[in-house]
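Data block for input_10.cif (mmCIF, C-alpha atoms):
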data_final
loop_
_atom_site.label_atom_id
_atom_site.label_comp_id
_atom_site.auth_asym_id
_atom_site.auth_seq_id
_atom_site.Cartn_x
_atom_site.Cartn_y
_atom_site.Cartn_z
CA MET D 1 -25.31 -12.07 -0.94
CA SER D 2 -24.57 -14.56 1.82
CA GLU D 3 -23.05 -13.64 5.17
CA ASP D 4 -19.88 -15.59 4.31
CA SER D 5 -19.06 -13.47 1.28
CA ALA D 6 -19.01 -10.36 3.50
CA LEU D 7 -16.06 -11.89 5.37
CA THR D 8 -13.92 -12.44 2.29
CA ASN D 9 -10.25 -12.06 3.16
CA LEU D 10 -8.91 -9.12 1.15
CA THR D 11 -5.26 -9.42 2.25
CA ASN D 12 -2.99 -8.76 -0.76
CA HIS D 13 -5.79 -6.89 -2.57
CA PHE D 14 -6.17 -3.30 -3.70
CA LEU D 15 -8.99 -1.12 -2.43
CA ILE D 16 -9.86 1.41 -5.12
CA ALA D 17 -11.81 4.46 -3.96
CA MET D 18 -15.14 5.03 -5.69
CA PRO D 19 -15.80 8.59 -6.96
CA GLY D 20 -18.38 9.12 -4.23
CA LEU D 21 -15.74 8.72 -1.49
CA GLN D 22 -15.27 12.33 -0.37
CA ASP D 23 -12.77 11.85 2.47
CA PRO D 24 -9.83 14.03 1.28
CA LEU D 25 -7.28 11.46 2.44
CA PHE D 26 -8.85 8.55 0.58
CA GLU D 27 -10.41 10.36 -2.36
CA HIS D 28 -9.09 8.85 -5.62
CA SER D 29 -6.81 6.52 -3.65
CA VAL D 30 -5.53 2.99 -4.13
CA VAL D 31 -4.81 1.13 -0.89
CA TYR D 32 -2.74 -2.06 -0.69
CA LEU D 33 -4.20 -4.25 2.07
CA CYS D 34 -1.44 -5.85 4.14
CA GLU D 35 -3.78 -7.53 6.58
CA HIS D 36 -7.51 -8.26 6.73
CA SER D 37 -9.31 -10.40 9.27
CA GLN D 38 -12.43 -10.37 11.40
CA ARG D 39 -10.58 -8.01 13.76
CA GLY D 40 -10.14 -5.36 11.08
CA ALA D 41 -7.81 -4.34 8.28
CA LEU D 42 -4.51 -2.54 7.74
CA GLY D 43 -3.19 -1.09 4.50
CA LEU D 44 -1.00 1.50 2.80
CA VAL D 45 -2.15 4.11 0.29
CA ILE D 46 0.16 3.64 -2.72
CA ASN D 47 -0.72 6.64 -4.88
CA LYS D 48 -0.50 9.70 -2.58
CA PRO D 49 3.08 11.01 -2.56
CA SER D 50 4.12 13.31 0.29
CA ASP D 51 6.33 16.37 -0.21
CA ILE D 52 9.42 14.50 0.98
CA ASP D 53 11.57 12.16 -1.12
CA LEU D 54 13.63 9.20 0.04
CA LYS D 55 16.84 11.26 0.09
CA GLY D 56 15.13 13.67 2.51
CA LEU D 57 13.81 10.81 4.64
CA PHE D 58 17.19 9.10 4.86
CA ASP D 59 18.83 12.44 5.77
CA LYS D 60 16.26 12.77 8.58
CA VAL D 61 17.08 9.35 10.03
CA GLU D 62 20.80 10.04 9.55
CA LEU D 63 21.51 7.31 7.03
CA PRO D 64 23.31 7.76 3.70
CA LEU D 65 21.30 6.74 0.63
CA THR D 66 23.81 5.29 -1.80
CA ARG D 67 21.18 4.08 -4.27
CA THR D 68 20.83 6.84 -6.83
CA ASP D 69 17.76 5.15 -8.35
CA LEU D 70 15.80 5.83 -5.14
CA GLN D 71 16.91 9.34 -4.18
CA LYS D 72 14.07 11.21 -5.92
CA THR D 73 11.43 8.54 -5.18
CA PRO D 74 8.63 10.06 -3.10
CA VAL D 75 7.72 8.95 0.39
CA PHE D 76 4.00 8.17 0.40
CA VAL D 77 1.22 9.21 2.76
CA GLY D 78 0.20 5.68 3.76
CA GLY D 79 -2.74 6.75 5.89
CA PRO D 80 -3.76 8.76 8.95
CA VAL D 81 -2.44 6.40 11.65
CA GLN D 82 1.11 6.78 13.10
CA THR D 83 2.10 9.35 10.49
CA GLU D 84 5.54 9.83 12.06
CA ARG D 85 6.41 6.16 11.55
CA GLY D 86 7.87 4.60 8.41
CA PHE D 87 6.44 1.54 6.68
CA VAL D 88 8.45 -0.20 3.97
CA LEU D 89 6.55 -2.32 1.46
CA HIS D 90 8.85 -4.63 -0.48
CA ALA D 91 9.11 -7.98 -2.21
CA ALA D 92 9.77 -11.02 -0.02
CA THR D 93 13.39 -11.21 1.13
CA PHE D 94 15.05 -14.00 3.01
CA ALA D 95 18.56 -14.94 3.96
CA ASP D 96 20.18 -17.83 2.09
CA ASP D 97 19.39 -20.26 4.88
CA ALA D 98 16.08 -18.70 5.97
CA LYS D 99 12.66 -19.90 5.01
CA PRO D 100 10.08 -17.35 3.79
CA GLU D 101 8.31 -17.54 7.16
CA HIS D 102 11.51 -16.26 8.85
CA PRO D 103 12.00 -12.75 7.52
CA VAL D 104 15.41 -11.13 7.42
CA TYR D 105 14.36 -7.96 9.27
CA ALA D 106 13.47 -7.50 12.94
CA SER D 107 9.87 -6.40 12.44
CA THR D 108 8.29 -7.71 9.25
CA LEU D 109 4.72 -8.62 8.42
CA VAL D 110 4.77 -11.39 5.81
CA ILE D 111 1.74 -10.83 3.58
CA PRO D 112 0.29 -14.08 2.23
CA GLY D 113 0.63 -13.93 -1.53
CA GLY D 114 3.96 -12.19 -1.84
CA LEU D 115 4.97 -8.84 -0.39
CA GLU D 116 6.30 -7.93 3.04
CA MET D 117 5.88 -4.82 5.16
CA THR D 118 8.77 -3.95 7.44
CA THR D 119 8.76 -1.28 10.15
CA SER D 120 12.17 -1.81 11.78
CA ARG D 121 15.14 0.47 11.07
CA ASP D 122 17.29 -2.43 9.86
CA VAL D 123 15.52 -2.46 6.48
CA LEU D 124 16.38 1.23 5.99
CA GLU D 125 19.99 0.49 6.92
CA ALA D 126 20.08 -2.29 4.33
CA ILE D 127 18.52 -0.07 1.65
CA SER D 128 20.95 2.74 2.45
CA THR D 129 23.95 0.54 1.65
CA GLY D 130 22.33 -1.03 -1.41
CA SER D 131 21.90 -4.49 0.11
CA GLY D 132 18.19 -4.20 0.92
CA PRO D 133 15.19 -5.06 -1.23
CA ARG D 134 15.47 -3.73 -4.80
CA GLN D 135 11.86 -2.56 -5.11
CA VAL D 136 10.41 -0.56 -2.24
CA LEU D 137 7.52 1.73 -1.45
CA ILE D 138 8.05 3.69 1.74
CA SER D 139 5.18 5.44 3.46
CA LEU D 140 4.69 7.47 6.58
CA GLY D 141 1.56 6.33 8.37
CA TYR D 142 -0.90 3.60 7.53
CA SER D 143 -4.63 3.11 7.08
CA ALA D 144 -6.64 1.02 9.52
CA TRP D 145 -10.21 -0.20 9.85
CA GLY D 146 -11.70 -1.60 13.05
CA GLU D 147 -13.80 -4.74 13.28
CA GLY D 148 -16.51 -4.69 10.62
CA GLN D 149 -15.64 -1.15 9.48
CA LEU D 150 -14.18 -2.07 6.08
CA GLU D 151 -17.04 -4.50 5.41
CA SER D 152 -19.45 -1.67 6.17
CA GLU D 153 -17.66 0.69 3.75
CA LEU D 154 -17.65 -2.03 1.07
CA GLY D 155 -21.38 -2.45 1.66
CA GLU D 156 -21.82 1.30 1.05
CA ASN D 157 -19.96 0.95 -2.28
CA SER D 158 -17.11 3.21 -1.10
CA TRP D 159 -14.47 0.85 -2.53
CA LEU D 160 -13.88 -1.55 -5.38
CA THR D 161 -11.56 -4.49 -4.67
CA VAL D 162 -9.19 -6.42 -6.90
CA GLU D 163 -6.31 -8.80 -6.31
CA ALA D 164 -3.09 -6.81 -6.02
CA ASP D 165 -0.48 -6.71 -8.76
CA ALA D 166 2.99 -5.77 -7.45
CA ARG D 167 3.91 -4.20 -10.80
CA LEU D 168 1.35 -1.50 -10.14
CA ILE D 169 3.08 -0.65 -6.85
CA PHE D 170 6.67 -0.76 -8.05
CA GLU D 171 6.63 -0.11 -11.81
CA THR D 172 3.62 2.09 -12.63
CA PRO D 173 4.09 5.89 -12.48
CA VAL D 174 2.27 7.32 -9.45
CA ALA D 175 -0.11 9.46 -11.52
CA GLN D 176 -1.31 6.36 -13.42
CA ARG D 177 -1.87 4.00 -10.49
CA TYR D 178 -5.55 4.78 -9.94
CA GLU D 179 -6.46 4.26 -13.62
CA GLN D 180 -4.27 1.15 -13.88
CA ALA D 181 -5.86 -0.35 -10.76
CA LEU D 182 -9.29 0.15 -12.33
CA LYS D 183 -8.04 -1.52 -15.51
CA LEU D 184 -7.32 -4.66 -13.46
CA LEU D 185 -11.13 -4.82 -13.16
CA GLY D 186 -11.67 -3.91 -16.82
CA LEU D 187 -12.93 -0.45 -15.84
CA GLU D 188 -12.16 3.17 -16.74
CA SER D 189 -12.80 6.02 -14.30
CA TRP D 190 -15.41 7.66 -16.56
CA MET D 191 -17.55 4.54 -16.18
CA LEU D 192 -17.75 5.23 -12.42
CA SER D 193 -18.61 8.91 -12.67
CA PRO D 194 -21.61 9.81 -10.51
CA ASP D 195 -22.77 11.95 -13.45
CA ALA D 196 -22.55 9.11 -16.01
CA GLY D 197 -25.79 8.58 -17.87
CA HIS D 198 -27.40 11.87 -16.82
CA ALA D 199 -28.41 14.26 -19.56
#
Reformat the file's structure so that it appears as structure tokens.
Amino acid sequence: MSEDSALTNLTNHFLIAMPGLQDPLFEHSVVYLCEHSQRGALGLVINKPSDIDLKGLFDKVELPLTRTDLQKTPVFVGGPVQTERGFVLHAATFADDAKPEHPVYASTLVIPGGLEMTTSRDVLEAISTGSGPRQVLISLGYSAWGEGQLESELGENSWLTVEADARLIFETPVAQRYEQALKLLGLESWMLSPDAGHA
């Protein structure tokens, strides 16, 4: 393996936890990477629902949630960093006259390859009235890796990686996301079992 391949940019990819990853927060998790560079990486866990739903979250921030399709949708545990802060993952949105590089919301990270992650309250206000993005995943907290940390974990075989598929985030039932992410690689979880092949 050459040095260059260790610096592959995994922005807009899924990290899929290997069975040997024992950290309770990341065990059996699928992380959508919003940003990855030599400085580190940032992502959101997309398959760990919290005990609060969007109706509860919107009540907390004192906004009505008029969209009945979202009321029972869980808020996700995006990771251990800034767990009191909301992160909204959604499809790219832009005003009629705006270019994709000029997002509609005050604080949006445009992820090369498609999705956007917004942290400003204006996206919640738009969602509450029904004018915001149609498909959303909202998490509290995010996951972060310092310089070289993710590469080191990949080197230890803690994670599998695969290009992200937005349908898995927005259309696949939460309980099936881990298995479906593995299927993007042509794998099943039993193939990864640490006990596989032992009599």
(request) Could you tell me which residues the PyMOL selection byres ((chain D and resi 112) around 9) grabs in this file, written as a PyMOL selection string? (result) chain D and resi 11-12+34-35+110-111+113-116
Residues picked by the PyMOL selection byres ((chain D and resi 147-161) around 6) here, as a CSV table (one decimal) with C-alpha atoms, keeping the file's coordinate frame?
chain,number,residue,atom,x,y,z
D,14,PHE,CA,-6.2,-3.3,-3.7
D,15,LEU,CA,-9.0,-1.1,-2.4
D,16,ILE,CA,-9.9,1.4,-5.1
D,17,ALA,CA,-11.8,4.5,-4.0
D,18,MET,CA,-15.1,5.0,-5.7
D,21,LEU,CA,-15.7,8.7,-1.5
D,39,ARG,CA,-10.6,-8.0,13.8
D,40,GLY,CA,-10.1,-5.4,11.1
D,145,TRP,CA,-10.2,-0.2,9.8
D,146,GLY,CA,-11.7,-1.6,13.0
D,162,VAL,CA,-9.2,-6.4,-6.9
Judged by all atoms listed in the file, the minimum distance to Leu63 of chain D among D:Ser128, D:Gln38, D:Thr83, D:Ser50 is found for D:Ser128
Using the chain letters and numbers from the file, give me the residues hit by the PyMOL selection byres ((chain D and resi 174) around 10), as a PDB file with C-alpha atoms, keeping the file's coordinate frame.
ATOM      1  CA  ILE D  46       0.160   3.640  -2.720  1.00  0.00           C
ATOM      2  CA  ASN D  47      -0.720   6.640  -4.880  1.00  0.00           C
ATOM      3  CA  LYS D  48      -0.500   9.700  -2.580  1.00  0.00           C
ATOM      4  CA  PRO D  49       3.080  11.010  -2.560  1.00  0.00           C
ATOM      5  CA  PRO D  74       8.630  10.060  -3.100  1.00  0.00           C
ATOM      6  CA  LEU D 168       1.350  -1.500 -10.140  1.00  0.00           C
ATOM      7  CA  ILE D 169       3.080  -0.650  -6.850  1.00  0.00           C
ATOM      8  CA  PHE D 170       6.670  -0.760  -8.050  1.00  0.00           C
ATOM      9  CA  GLU D 171       6.630  -0.110 -11.810  1.00  0.00           C
ATOM     10  CA  THR D 172       3.620   2.090 -12.630  1.00  0.00           C
ATOM     11  CA  PRO D 173       4.090   5.890 -12.480  1.00  0.00           C
ATOM     12  CA  ALA D 175      -0.110   9.460 -11.520  1.00  0.00           C
ATOM     13  CA  GLN D 176      -1.310   6.360 -13.420  1.00  0.00           C
ATOM     14  CA  ARG D 177      -1.870   4.000 -10.490  1.00  0.00           C
ATOM     15  CA  TYR D 178      -5.550   4.780  -9.940  1.00  0.00           C
TER      16      TYR D 178
END
Identify the residues within 7 Å of coordinate (0.0, 5.3, 6.0) (same frame as the file), considering all atoms listed in the file, and give the answer as a ChimeraX atom specification. /D:44-45,77-81,83,139-143
Can those selected residues be exported to a file as a PDB file, keeping the file's coordinate frame so that it contains C-alpha atoms?
ATOM      1  CA  LEU D  44      -1.000   1.500   2.800  1.00  0.00           C
ATOM      2  CA  VAL D  45      -2.150   4.110   0.290  1.00  0.00           C
ATOM      3  CA  VAL D  77       1.220   9.210   2.760  1.00  0.00           C
ATOM      4  CA  GLY D  78       0.200   5.680   3.760  1.00  0.00           C
ATOM      5  CA  GLY D  79      -2.740   6.750   5.890  1.00  0.00           C
ATOM      6  CA  PRO D  80      -3.760   8.760   8.950  1.00  0.00           C
ATOM      7  CA  VAL D  81      -2.440   6.400  11.650  1.00  0.00           C
ATOM      8  CA  THR D  83       2.100   9.350  10.490  1.00  0.00           C
ATOM      9  CA  SER D 139       5.180   5.440   3.460  1.00  0.00           C
ATOM     10  CA  LEU D 140       4.690   7.470   6.580  1.00  0.00           C
ATOM     11  CA  GLY D 141       1.560   6.330   8.370  1.00  0.00           C
ATOM     12  CA  TYR D 142      -0.900   3.600   7.530  1.00  0.00           C
ATOM     13  CA  SER D 143      -4.630   3.110   7.080  1.00  0.00           C
TER      14      SER D 143
END
* To do: Rank D:Gln180, D:Thr8, D:Ser189, D:Ser107 by their smallest atom-to-atom distance to Thr119 of chain D, using all atoms listed in the file, and report the top residue only.
  =>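 Under the stated criterion, the closest residue is D:Ser107.
Residue nearest Thr129 of chain D within the list D:Ala106, D:Ala164, D:Leu65, D:Ile52: D:Leu65 [criterion: smallest interatomic distance, all atoms listed in the file].
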Å distance separating atom CA of Ala144 of chain D from atom CA of Gly43 of chain D, one decimal place: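 Atom CA of Ala144 of chain D sits 6.4 Å away from atom CA of Gly43 of chain D.
Separating atom CA of Val75 of chain D from atom CA of Met117 of chain D is a distance of 14.7 Å.
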